>>> print(open('structure-v1.cif').read())   # mmCIF, C-alpha atoms and all ligand atoms
data_work
#
loop_
_atom_site.label_atom_id
_atom_site.label_comp_id
_atom_site.auth_asym_id
_atom_site.auth_seq_id
_atom_site.Cartn_x
_atom_site.Cartn_y
_atom_site.Cartn_z
CA MET A 1 0.00 0.00 0.00
CA LYS A 2 1.36 3.36 -0.98
CA LEU A 3 1.22 5.96 1.71
CA ASP A 4 0.31 9.38 0.48
CA ALA A 5 1.75 12.23 2.46
CA THR A 6 0.36 14.97 0.24
CA ASP A 7 -3.07 13.96 1.39
CA LEU A 8 -2.04 14.53 4.96
CA ARG A 9 -2.03 18.23 4.48
CA TYR A 10 -5.13 18.43 2.31
CA ILE A 11 -8.08 17.14 4.20
CA THR A 12 -10.90 19.42 5.24
CA SER A 13 -11.70 19.71 8.88
CA ASP A 14 -15.12 18.15 8.27
CA GLU A 15 -13.51 15.19 6.52
CA PHE A 16 -11.19 14.79 9.46
CA ARG A 17 -14.15 14.97 11.80
CA VAL A 18 -15.98 12.21 9.99
CA LEU A 19 -12.91 10.01 9.78
CA THR A 20 -12.35 10.43 13.52
CA ALA A 21 -16.00 9.60 14.10
CA VAL A 22 -15.57 6.31 12.23
CA GLU A 23 -12.53 5.54 14.34
CA MET A 24 -14.41 6.29 17.54
CA GLY A 25 -17.34 4.19 16.44
CA SER A 26 -14.98 1.29 15.76
CA LYS A 27 -14.52 0.88 19.45
CA ASN A 28 -17.83 -0.91 19.71
CA HIS A 29 -18.69 -1.81 16.15
CA GLU A 30 -16.88 -3.79 13.52
CA ILE A 31 -19.04 -1.93 11.07
CA VAL A 32 -19.96 1.51 12.29
CA PRO A 33 -23.57 2.30 11.40
CA THR A 34 -23.86 5.38 9.25
CA VAL A 35 -26.38 6.89 11.66
CA LEU A 36 -23.85 6.58 14.46
CA ILE A 37 -21.15 8.25 12.38
CA VAL A 38 -23.52 11.16 11.80
CA GLN A 39 -24.24 11.36 15.52
CA ILE A 40 -20.62 11.22 16.63
CA SER A 41 -19.40 13.68 14.04
CA GLY A 42 -22.02 16.23 15.03
CA LEU A 43 -22.42 17.26 11.38
CA ARG A 44 -25.48 17.37 9.17
CA ASN A 45 -26.72 14.09 7.76
CA GLY A 46 -26.43 14.88 4.05
CA GLY A 47 -22.98 16.36 4.47
CA VAL A 48 -21.69 13.28 6.26
CA ASN A 49 -22.87 10.92 3.55
CA LYS A 50 -21.06 12.92 0.93
CA ILE A 51 -17.89 13.05 2.99
CA LEU A 52 -18.06 9.33 3.67
CA GLY A 53 -18.26 8.81 -0.07
CA SER A 54 -15.12 10.84 -0.66
CA LEU A 55 -13.25 9.16 2.22
CA ALA A 56 -14.21 5.78 0.76
CA LYS A 57 -12.90 6.84 -2.62
CA ARG A 58 -9.55 7.55 -0.98
CA ASN A 59 -9.68 4.18 0.77
CA LEU A 60 -9.66 5.69 4.23
CA VAL A 61 -12.94 3.99 5.08
CA ALA A 62 -14.78 1.15 3.39
CA ARG A 63 -18.49 0.89 2.95
CA VAL A 64 -19.99 -2.33 4.23
CA GLN A 65 -23.57 -3.33 3.71
CA ASN A 66 -24.89 -6.14 5.77
CA SER A 67 -28.36 -7.44 6.26
CA ARG A 68 -29.09 -5.27 9.25
CA TYR A 69 -27.66 -1.89 8.51
CA ASP A 70 -25.48 0.22 6.31
CA GLY A 71 -22.15 1.27 7.68
CA TYR A 72 -18.46 1.86 7.29
CA ARG A 73 -15.29 0.50 8.74
CA LEU A 74 -11.96 2.20 9.12
CA THR A 75 -9.39 0.69 6.75
CA TYR A 76 -5.69 0.21 7.37
CA GLY A 77 -5.29 3.24 5.13
CA GLY A 78 -7.58 5.29 7.34
CA TYR A 79 -5.80 4.27 10.49
CA ASP A 80 -2.42 4.96 8.86
CA TYR A 81 -3.72 8.32 7.85
CA LEU A 82 -4.84 9.27 11.35
CA ALA A 83 -1.53 8.19 12.84
CA MET A 84 0.58 9.99 10.27
CA ARG A 85 -1.52 13.09 10.57
CA ALA A 86 -0.93 13.10 14.31
CA LEU A 87 2.82 12.72 13.74
CA SER A 88 2.85 15.45 11.15
CA LYS A 89 0.78 17.82 13.31
CA ARG A 90 3.42 17.39 15.99
CA ASP A 91 6.09 18.20 13.39
CA SER A 92 7.70 14.82 13.93
CA MET A 93 7.43 13.94 10.28
CA TYR A 94 6.66 15.79 7.09
CA SER A 95 6.98 13.57 4.03
CA VAL A 96 6.81 9.92 3.13
CA GLY A 97 9.31 8.18 0.90
CA ASN A 98 9.79 4.60 -0.19
CA GLN A 99 8.70 1.47 1.49
CA ILE A 100 11.80 -0.44 2.55
CA GLY A 101 10.30 -3.43 4.25
CA VAL A 102 7.27 -5.60 4.45
CA GLY A 103 7.57 -7.64 7.59
CA LYS A 104 5.29 -10.38 8.75
CA GLU A 105 3.46 -7.89 10.85
CA SER A 106 4.61 -4.48 9.82
CA ASP A 107 5.28 -2.13 6.93
CA ILE A 108 8.41 -0.01 7.01
CA TYR A 109 8.79 3.32 5.23
CA ILE A 110 11.48 5.90 4.91
CA VAL A 111 10.05 9.27 5.91
CA ALA A 112 11.56 12.69 6.54
CA ASP A 113 11.03 15.70 8.72
CA GLN A 114 10.76 19.25 7.42
CA GLU A 115 14.53 19.61 7.17
CA GLY A 116 14.71 16.48 5.05
CA LYS A 117 16.24 14.33 7.73
CA GLU A 118 15.43 10.71 7.03
CA MET A 119 13.76 8.49 9.56
CA VAL A 120 12.03 5.14 9.62
CA LEU A 121 8.28 4.80 10.10
CA LYS A 122 7.15 1.38 11.25
CA LEU A 123 3.44 0.67 10.91
CA HIS A 124 2.37 -2.34 12.91
CA ARG A 125 -0.06 -4.68 11.20
CA LEU A 126 -1.13 -7.29 13.63
CA GLY A 127 -4.03 -9.38 12.56
CA ARG A 128 -3.06 -9.25 8.90
CA ILE A 129 -2.14 -12.86 8.54
CA SER A 130 -3.33 -14.43 11.69
CA PHE A 131 -6.95 -13.74 12.22
CA ARG A 132 -7.95 -17.35 12.48
CA ALA A 133 -5.68 -17.97 15.43
CA ILE A 134 -7.11 -15.05 17.28
CA LYS A 135 -10.64 -15.96 16.47
CA GLU A 136 -10.18 -19.15 18.41
CA LYS A 137 -8.36 -17.58 21.30
CA ARG A 138 -9.81 -14.17 21.47
CA ASP A 139 -11.84 -14.63 24.60
CA TYR A 140 -9.30 -12.59 26.47
CA LEU A 141 -10.43 -9.61 24.48
CA GLY A 142 -13.68 -9.84 26.38
CA LYS A 143 -16.18 -7.38 25.04
CA ARG A 144 -13.61 -5.65 22.97
CA LYS A 145 -13.84 -8.05 20.09
CA SER A 146 -14.27 -5.45 17.44
CA ALA A 147 -11.43 -3.57 15.86
CA SER A 148 -8.97 -6.07 17.16
CA TRP A 149 -6.47 -5.51 14.37
CA MET A 150 -6.31 -1.86 15.30
CA TYR A 151 -6.16 -2.57 18.97
CA MET A 152 -3.45 -5.22 18.69
CA SER A 153 -1.40 -3.15 16.26
CA ARG A 154 -1.53 -0.21 18.60
CA LEU A 155 -0.53 -2.32 21.59
CA ALA A 156 2.43 -3.68 19.64
CA ALA A 157 3.54 -0.17 18.75
CA GLN A 158 3.17 1.06 22.32
CA LYS A 159 5.16 -1.86 23.62
CA GLU A 160 7.89 -1.47 21.04
CA TRP A 161 8.07 2.23 21.80
CA ALA A 162 8.33 1.66 25.56
CA PHE A 163 11.16 -0.83 25.12
CA MET A 164 13.03 1.12 22.48
CA LYS A 165 13.01 4.18 24.68
CA VAL A 166 14.27 2.41 27.75
CA LEU A 167 16.91 0.49 25.80
CA HIS A 168 18.10 3.63 24.06
CA GLU A 169 18.28 5.53 27.34
CA HIS A 170 20.49 2.76 28.70
CA ASP A 171 22.85 2.81 25.73
CA PHE A 172 21.85 -0.41 24.09
CA PRO A 173 22.60 -0.38 20.36
CA VAL A 174 19.07 0.29 19.13
CA PRO A 175 17.63 2.99 16.85
CA LYS A 176 16.85 6.26 18.58
CA PRO A 177 13.09 6.46 19.09
CA VAL A 178 11.55 9.69 17.78
CA ASP A 179 7.78 9.53 18.25
CA GLN A 180 4.84 7.18 18.45
CA ALA A 181 1.19 7.47 17.48
CA ARG A 182 -1.51 4.81 17.32
CA HIS A 183 0.06 1.78 15.58
CA CYS A 184 3.13 3.65 14.35
CA ILE A 185 6.64 4.22 15.56
CA LEU A 186 8.99 6.81 14.22
CA MET A 187 12.68 6.11 14.74
CA GLU A 188 16.16 6.91 13.59
CA PHE A 189 17.15 5.50 10.20
CA ILE A 190 20.09 3.14 10.50
CA ASP A 191 22.35 2.97 7.48
CA ALA A 192 22.84 -0.75 7.60
CA TYR A 193 22.12 -4.17 6.14
CA PRO A 194 20.20 -6.84 7.96
CA LEU A 195 22.66 -9.53 9.03
CA ARG A 196 20.62 -11.86 6.85
CA GLN A 197 22.05 -10.12 3.77
CA VAL A 198 25.63 -10.12 4.95
CA SER A 199 27.70 -12.87 3.36
CA GLU A 200 31.08 -11.96 4.79
CA VAL A 201 32.37 -10.19 7.89
CA PRO A 202 35.98 -9.43 8.82
CA SER A 203 35.80 -11.54 11.95
CA PRO A 204 32.80 -13.81 12.52
CA GLY A 205 34.16 -14.69 15.95
CA ALA A 206 34.24 -11.06 17.07
CA LEU A 207 30.71 -10.41 15.83
CA TYR A 208 29.48 -13.63 17.41
CA SER A 209 30.91 -12.58 20.77
CA LYS A 210 29.40 -9.14 20.49
CA LEU A 211 25.97 -10.59 19.84
CA MET A 212 26.19 -13.11 22.65
CA ASP A 213 27.40 -10.34 24.97
CA LEU A 214 24.35 -8.38 23.97
CA ILE A 215 22.03 -11.26 24.84
CA VAL A 216 23.75 -11.46 28.22
CA ARG A 217 23.53 -7.72 28.74
CA PHE A 218 19.83 -7.80 27.98
CA ALA A 219 19.36 -10.60 30.49
CA HIS A 220 21.38 -8.81 33.14
CA SER A 221 18.93 -5.96 32.73
CA GLY A 222 15.99 -8.29 33.12
CA LEU A 223 15.15 -8.62 29.43
CA ILE A 224 15.08 -11.19 26.65
CA HIS A 225 14.69 -9.97 23.08
CA GLY A 226 12.63 -12.96 22.02
CA ASP A 227 13.28 -12.67 18.29
CA PHE A 228 17.03 -12.18 18.22
CA ASN A 229 17.91 -13.37 14.75
CA GLU A 230 19.58 -12.36 11.49
CA PHE A 231 16.52 -10.38 10.40
CA ASN A 232 16.42 -8.21 13.49
CA ILE A 233 20.13 -7.48 13.72
CA LEU A 234 21.32 -4.71 11.44
CA ILE A 235 24.99 -4.34 10.57
CA ARG A 236 26.04 -0.72 10.14
CA ARG A 237 27.41 -0.08 6.70
CA GLU A 238 30.23 2.16 7.91
CA THR A 239 31.43 0.44 11.04
CA GLY A 240 30.11 -3.12 10.93
CA GLU A 241 28.62 -2.59 14.39
CA PRO A 242 25.38 -4.44 15.14
CA VAL A 243 22.13 -2.63 15.92
CA VAL A 244 19.16 -4.52 17.31
CA ILE A 245 15.58 -3.79 16.20
CA ASP A 246 12.06 -5.17 16.54
CA PHE A 247 10.89 -5.32 20.16
CA PRO A 248 7.18 -6.16 20.34
CA GLN A 249 7.88 -9.68 21.59
CA MET A 250 10.42 -8.84 24.29
CA VAL A 251 9.87 -10.64 27.58
CA SER A 252 11.12 -10.24 31.10
CA THR A 253 13.63 -12.68 32.55
CA SER A 254 10.93 -13.30 35.17
CA HIS A 255 8.61 -14.68 32.51
CA GLU A 256 7.61 -18.28 33.17
CA ASN A 257 9.17 -19.39 29.87
CA ALA A 258 12.16 -17.07 30.12
CA GLU A 259 14.71 -19.85 29.84
CA TRP A 260 13.09 -21.19 26.70
CA TYR A 261 13.05 -17.72 25.06
CA PHE A 262 16.62 -17.07 26.11
CA ASN A 263 17.86 -20.37 24.68
CA ARG A 264 16.02 -19.80 21.47
CA ASP A 265 17.72 -16.41 20.98
CA VAL A 266 21.11 -18.00 21.64
CA GLU A 267 20.38 -20.90 19.30
CA CYS A 268 19.29 -18.58 16.49
CA ILE A 269 22.69 -16.92 16.53
CA ARG A 270 24.62 -20.18 16.84
CA THR A 271 22.73 -21.76 13.95
CA PHE A 272 23.10 -18.72 11.73
CA PHE A 273 26.84 -18.43 12.35
CA ARG A 274 27.35 -22.12 11.71
CA ARG A 275 25.48 -22.03 8.41
CA ARG A 276 26.53 -18.65 7.10
CA PHE A 277 30.12 -18.31 8.32
CA GLN A 278 30.94 -21.92 9.24
CA TYR A 279 31.73 -20.53 12.65
CA GLU A 280 31.06 -22.59 15.71
CA SER A 281 32.06 -22.01 19.29
CA ASN A 282 31.62 -24.00 22.46
CA LEU A 283 31.20 -20.74 24.26
CA TYR A 284 27.64 -19.57 24.51
CA PRO A 285 25.60 -18.22 27.39
CA ARG A 286 23.25 -20.37 29.45
CA PHE A 287 20.25 -18.86 31.11
CA ARG A 288 20.80 -19.95 34.69
CA SER A 289 24.44 -19.05 35.00
CA THR A 290 23.80 -15.80 33.16
CA MET A 291 21.13 -14.90 35.68
CA LYS A 292 23.33 -15.90 38.57
CA ASP A 293 26.21 -13.71 37.34
CA GLY A 294 23.75 -10.93 36.70
CA ALA A 295 22.73 -10.89 40.33
CA ASP A 296 26.31 -9.95 41.22
CA ASP A 297 27.59 -7.80 38.40
CA GLY A 298 24.40 -6.63 36.69
CA GLU A 299 24.11 -3.07 35.58
CA GLY A 300 21.90 -2.52 38.55
CA PHE A 301 18.86 -1.91 36.37
CA ARG A 302 15.82 -4.03 35.95
CA LEU A 303 14.67 -2.63 32.68
CA ASP A 304 11.67 -4.93 32.64
CA VAL A 305 10.56 -3.14 35.78
CA VAL A 306 11.38 0.26 34.31
CA VAL A 307 9.24 -0.54 31.27
CA SER A 308 6.33 -1.68 33.41
CA ALA A 309 6.53 1.60 35.23
CA SER A 310 6.75 3.61 32.03
CA GLY A 311 3.07 3.52 31.21
CA PHE A 312 2.86 0.36 29.18
CA LYS A 313 0.46 -1.51 31.40
CA LYS A 314 0.93 -5.08 32.60
CA SER A 315 -2.57 -5.95 31.43
CA ASP A 316 -1.78 -4.69 27.93
CA GLN A 317 1.42 -6.66 27.98
CA LYS A 318 -0.58 -9.75 28.86
CA ILE A 319 -3.07 -9.28 26.05
CA LEU A 320 -0.31 -8.80 23.53
CA GLU A 321 1.59 -11.77 24.82
CA GLU A 322 -1.42 -14.04 24.52
CA TYR A 323 -1.96 -12.79 21.02
CA MET A 324 1.63 -13.50 20.08
CA GLU A 325 1.54 -16.93 21.58
CA ALA A 326 -1.66 -17.72 19.72
CA VAL A 327 -0.09 -16.53 16.50
CA GLY A 328 3.12 -18.41 17.17
CA GLU A 329 1.23 -21.63 17.70
CA SER A 330 -0.85 -21.19 14.63
CA ARG A 331 2.26 -20.46 12.58
CA ALA A 332 3.84 -23.63 13.73
CA GLU A 333 0.73 -25.53 12.70
CA SER A 334 -0.03 -23.92 9.40
CA ASP A 335 1.97 -23.67 6.22
CA GLU A 336 2.26 -20.63 4.03
CA GLU A 337 -0.70 -21.54 1.88
CA GLU A 338 -2.96 -21.45 4.83
CA GLU A 339 -1.71 -18.05 5.82
CA ASP A 340 -3.06 -16.68 2.57
CA GLU A 341 -6.48 -18.01 3.39
CA GLU A 342 -6.34 -16.36 6.74
CA GLU A 343 -6.12 -13.04 5.08
CA GLU A 344 -9.44 -13.75 3.46
CA SER A 345 -11.07 -14.84 6.64
CA GLU A 346 -10.39 -11.41 8.02
CA GLU A 347 -12.86 -10.13 5.48
CA GLU A 348 -15.50 -12.64 6.50
CA GLU A 349 -15.12 -11.43 10.01
CA GLU A 350 -16.44 -8.08 9.02
CA GLY A 351 -19.95 -9.42 8.67
CA GLU A 352 -20.33 -9.93 12.38
CA GLU A 353 -22.05 -7.36 14.41
CA ASN A 354 -21.05 -6.76 17.93
CA SER A 355 -24.10 -7.07 20.06
CA GLU A 356 -22.56 -5.27 22.99
CA ASP A 357 -23.46 -1.67 22.66
CA PRO A 358 -22.71 0.39 25.71
CA GLU A 359 -23.69 3.47 23.79
CA ALA A 360 -27.28 2.34 23.65
CA GLU A 361 -27.99 3.80 27.05
CA THR A 362 -25.64 6.70 27.42
CA GLY A 363 -25.47 7.89 23.84
CA PRO A 364 -22.19 8.07 21.95
CA ARG A 365 -19.31 10.33 22.72
CA THR A 366 -18.87 12.80 19.96
CA VAL A 367 -15.86 14.23 18.28
CA ASP A 368 -16.45 17.35 20.34
CA ASP A 369 -15.98 15.40 23.56
CA LEU A 370 -12.36 14.99 22.63
CA GLY A 371 -11.79 18.60 23.43
CA GLU A 372 -10.37 21.41 21.37
CA GLY A 373 -6.90 21.18 20.12
CA THR A 374 -6.16 17.72 21.39
CA SER A 375 -8.32 15.70 19.07
CA GLU A 376 -6.14 15.98 16.03
CA THR A 377 -2.86 15.32 17.64
CA GLU A 378 -2.91 13.51 20.89
CA THR A 379 -5.77 11.13 21.22
CA ASP A 380 -6.50 7.75 19.88
CA PRO A 381 -10.15 7.88 20.75
CA ALA A 382 -11.38 4.62 19.32
CA LEU A 383 -9.18 2.35 21.19
CA SER A 384 -8.58 3.28 24.73
CA PRO A 385 -9.54 0.14 26.62
P1 LIG B 401 9.04 -6.73 11.55
O1 LIG B 401 8.43 -6.67 12.90
O2 LIG B 401 8.04 -6.70 10.48
O3 LIG B 401 10.03 -7.84 11.41
P2 LIG B 401 11.32 -4.92 11.78
O4 LIG B 401 11.29 -3.90 12.85
O5 LIG B 401 12.13 -6.13 12.05
O6 LIG B 401 9.82 -5.33 11.40
O7 LIG B 401 11.81 -4.23 10.45
C1 LIG B 401 11.75 -4.89 9.19
C2 LIG B 401 12.92 -4.47 8.30
O8 LIG B 401 12.90 -3.06 8.09
C3 LIG B 401 14.28 -4.73 8.93
O9 LIG B 401 14.73 -6.03 8.64
C4 LIG B 401 15.16 -3.68 8.30
O10 LIG B 401 15.60 -4.08 7.03
C5 LIG B 401 14.22 -2.51 8.12
N1 LIG B 401 14.34 -1.57 9.26
C6 LIG B 401 13.57 -1.55 10.37
N2 LIG B 401 13.93 -0.55 11.20
C7 LIG B 401 14.96 0.09 10.61
C8 LIG B 401 15.76 1.23 10.96
N3 LIG B 401 15.57 1.91 12.10
N4 LIG B 401 16.73 1.62 10.11
C9 LIG B 401 16.92 0.95 8.95
N5 LIG B 401 16.20 -0.11 8.56
C10 LIG B 401 15.22 -0.55 9.36
MG MG B 402 11.82 -8.12 12.28
#
>>> encode(input="structure-v1.cif", output="C-alpha cells", more="lines below")
Ligand code: ADP
Ligand code: MG
Amino acid sequence: MKLDATDLRYITSDEFRVLTAVEMGSKNHEIVPTVLIVQISGLRNGGVNKILGSLAKRNLVARVQNSRYDGYRLTYGGYDYLAMRALSKRDSMYSVGNQIGVGKESDIYIVADQEGKEMVLKLHRLGRISFRAIKEKRDYLGKRKSASWMYMSRLAAQKEWAFMKVLHEHDFPVPKPVDQARHCILMEFIDAYPLRQVSEVPSPGALYSKLMDLIVRFAHSGLIHGDFNEFNILIRRETGEPVVIDFPQMVSTSHENAEWYFNRDVECIRTFFRRRFQYESNLYPRFRSTMKDGADDGEGFRLDVVVSASGFKKSDQKILEEYMEAVGESRAESDEEEEDEEEESEEEEEGEENSEDPEAETGPRTVDDLGEGTSETETDPALSP
C-alpha cells in the first residue's frame, strides 16, 4: 500500500471529523452504522454521507452493507492516515518516501522531517495474517472483540516504543526512538544491512561474541529480546557494528518461559553463524548461569521493571503476549498456503455485528468530547480500553 503524504495536508476539517467519528465508532462496532457516524461527528446528515463517499474513494474507510444496517469500517489506510496526521501535526514527520520493508506484521517506510532528515516509520499490522488464530483464542479480548487488528497493532507499537526508549536511554545499540502514534513508531534511520544479507564479515568470531554479549547484557537488565535473529540485527554499513531492532515480543527474565526464550535467541545466533560463516564455538551463554552472574555484576537496572513503570500496562502486555503466543502456535501448525487463506477470513469477520453496545444507554461520545486542540494530535479515541 502506498502511503500518500500529500493527502495529509489536504483534508478538510469536516472530513477529518468524519474520519475520527468512524474511528471512535470502531470501538464498539466492527461496522460503524452510518447513523452513528452522523451522531458522533455532530455534522449534518447529508454532508456526512457525501464526505463518507469521498473518504471511501480515498480508501480511508470502506463501505460495508450487511443485512441489518449500512455502515463503514476504518481501513488500514484510514488508520495509517490518522496516525501519520498526528505525527505530522506534531512536526515529527513531514513527508513519506519509499517502502523499505514488508515484515510479517509491519510495513516499514522511509520518511523525513521538514529539514529532510530521514527516519524510519514502522506501521504495525497485527491481525493481517493471523486472524484465524485469534478468532479461536480471542476470549481474552472480552467485550472488545471489534477492531482487534487496530487494537493489537496499537498495543504492539506502544510496547515497542516503551522498550526502544528504555533500551536507548540505557545505551543499548538500538535505533533512537523519535515519536509514536496509534500503531506507528517513528525512529532513527540506521544505514545498515540486515545480518541476513551479509555474506562476509571481517571476523565472525568477534561479531558472534558481540551478539552473545548483547544477549547477556539484555538478560542482566531483566530482558530477553525474544526474536534475536539475522533479520532483526542490522549491521552498520560504515562500522560493521550491530544494531538490534524489533521489540514487540520482548519478555522479562521473570517470565515463566524465560529460559526457553533465552535459549532460542542463543540458538538462532549459533545456527546462523554455523550455516553462514561456518563458525562454531563451544562458548555460549546459558540462562541460569547468566542470571546468577547478573545478580552480582548486573548493571543494577531491571529494565523490565522500568518498562512496566513507564506507562505500558501489565494488562496490555498480557493481552499482547497471549496474542503473540496464539499466532506463534498457529504459525507452527499452518503452512504458508494457509496463511493466505487467513487473510481472506479477516474479510469474512467483518460481517459480524457486535451485540454489545454500551452506547445504547448513554449515547455516543462525539468528536467534540475529545476537546479542542487535542483531538487531532494527541488522542486515539477509538481504542482506549
Ligand atoms: P518486523 O516486525 O516486520 O520484522 P522490523 O522492525 O524487524 O519489522 O523491520 C523490518 C525491516 O525493516 C528490517 O529487517 C530492516 O531491514 C528494516 N528496518 C527496520 N527498522 C529500521 C531502521 N531503524 N533503520 C533501517 N532499517 C530498518
Ligand atoms: Mg523483524
>>> residues_near_ligand(input="structure-v1.cif", ligand="ligand LIG 401 (chain B)", cutoff="6 Å", atoms="all atoms listed in the file", output="list in words")
Gly101, Gly103, Lys104, Glu105, Ser106, Ile108, Val120, Pro175, Met187, Glu188, Phe189, Ile190, Asp191, Pro194, Phe231, Asn232, Ile245 and Asp246 of chain A
>>> write_last_selection(input="structure-v1.cif", atoms="C-alpha atoms", output="PDB file, in the coordinates of the input")
ATOM      1  CA  GLY A 101      10.300  -3.430   4.250  1.00  0.00           C
ATOM      2  CA  GLY A 103       7.570  -7.640   7.590  1.00  0.00           C
ATOM      3  CA  LYS A 104       5.290 -10.380   8.750  1.00  0.00           C
ATOM      4  CA  GLU A 105       3.460  -7.890  10.850  1.00  0.00           C
ATOM      5  CA  SER A 106       4.610  -4.480   9.820  1.00  0.00           C
ATOM      6  CA  ILE A 108       8.410  -0.010   7.010  1.00  0.00           C
ATOM      7  CA  VAL A 120      12.030   5.140   9.620  1.00  0.00           C
ATOM      8  CA  PRO A 175      17.630   2.990  16.850  1.00  0.00           C
ATOM      9  CA  MET A 187      12.680   6.110  14.740  1.00  0.00           C
ATOM     10  CA  GLU A 188      16.160   6.910  13.590  1.00  0.00           C
ATOM     11  CA  PHE A 189      17.150   5.500  10.200  1.00  0.00           C
ATOM     12  CA  ILE A 190      20.090   3.140  10.500  1.00  0.00           C
ATOM     13  CA  ASP A 191      22.350   2.970   7.480  1.00  0.00           C
ATOM     14  CA  PRO A 194      20.200  -6.840   7.960  1.00  0.00           C
ATOM     15  CA  PHE A 231      16.520 -10.380  10.400  1.00  0.00           C
ATOM     16  CA  ASN A 232      16.420  -8.210  13.490  1.00  0.00           C
ATOM     17  CA  ILE A 245      15.580  -3.790  16.200  1.00  0.00           C
ATOM     18  CA  ASP A 246      12.060  -5.170  16.540  1.00  0.00           C
TER      19      ASP A 246
END
>>> residues_near_point(input="structure-v1.cif", point="(-10.0, 4.7, 2.9)", cutoff="12 Å", atoms="all atoms listed in the file", output="ChimeraX atom specification")
/A:1,3-4,7,15,18-19,22-23,51-63,72-82
>>> axis_aligned_box(input="structure-v1.cif", around="range 256-274 of chain A", padding_each_side="8 Å", output="lines of an AutoDock Vina configuration file")
center_x = 17.5
center_y = -19.3
center_z = 22.4
size_x = 35.7
size_y = 21.7
size_z = 37.5
>>> atom_distance(input="structure-v1.cif", atom1="CA of Asp171 in chain A", atom2="CA of Met250 in chain A")
17.1 Å
>>> atom_distance(input="structure-v1.cif", atom1="CA of Ala21 in chain A", atom2="CA of Thr366 in chain A")
7.3 Å
>>> atom_distance(input="structure-v1.cif", atom1="CA of Ser153 in chain A", atom2="CA of Asp107 in chain A")
11.5 Å
>>> closest_residue(input="structure-v1.cif", among="A:Leu87, A:Ala162, A:Ile233, A:Met152", to="ligand MG 402 (chain B)", atoms="all atoms listed in the file")
A:Ile233
>>> closest_residue(input="structure-v1.cif", among="A:Glu160, A:Glu241, A:Glu267, A:Glu325", to="ligand MG 402 (chain B)", atoms="all atoms listed in the file")
A:Glu160
>>> closest_residue(input="structure-v1.cif", among="A:Phe287, A:Phe228, A:Phe172, A:Phe262", to="ligand MG 402 (chain B)", atoms="only C-alpha atoms and all ligand atoms")
A:Phe228
>>> closest_residue(input="structure-v1.cif", among="A:Met164, A:Ile185, A:Leu211, A:Ile224", to="Ser310 in chain A", atoms="all atoms listed in the file")
A:Met164
>>> closest_residue(input="structure-v1.cif", among="A:Pro285, A:Gly116, A:Gly47, A:Gly97", to="Arg217 in chain A", atoms="all atoms listed in the file")
A:Pro285
>>> closest_residue(input="structure-v1.cif", among="A:Asn229, A:Gln278, A:Gln197, A:Thr239", to="ligand MG 402 (chain B)", atoms="all atoms listed in the file")
A:Asn229
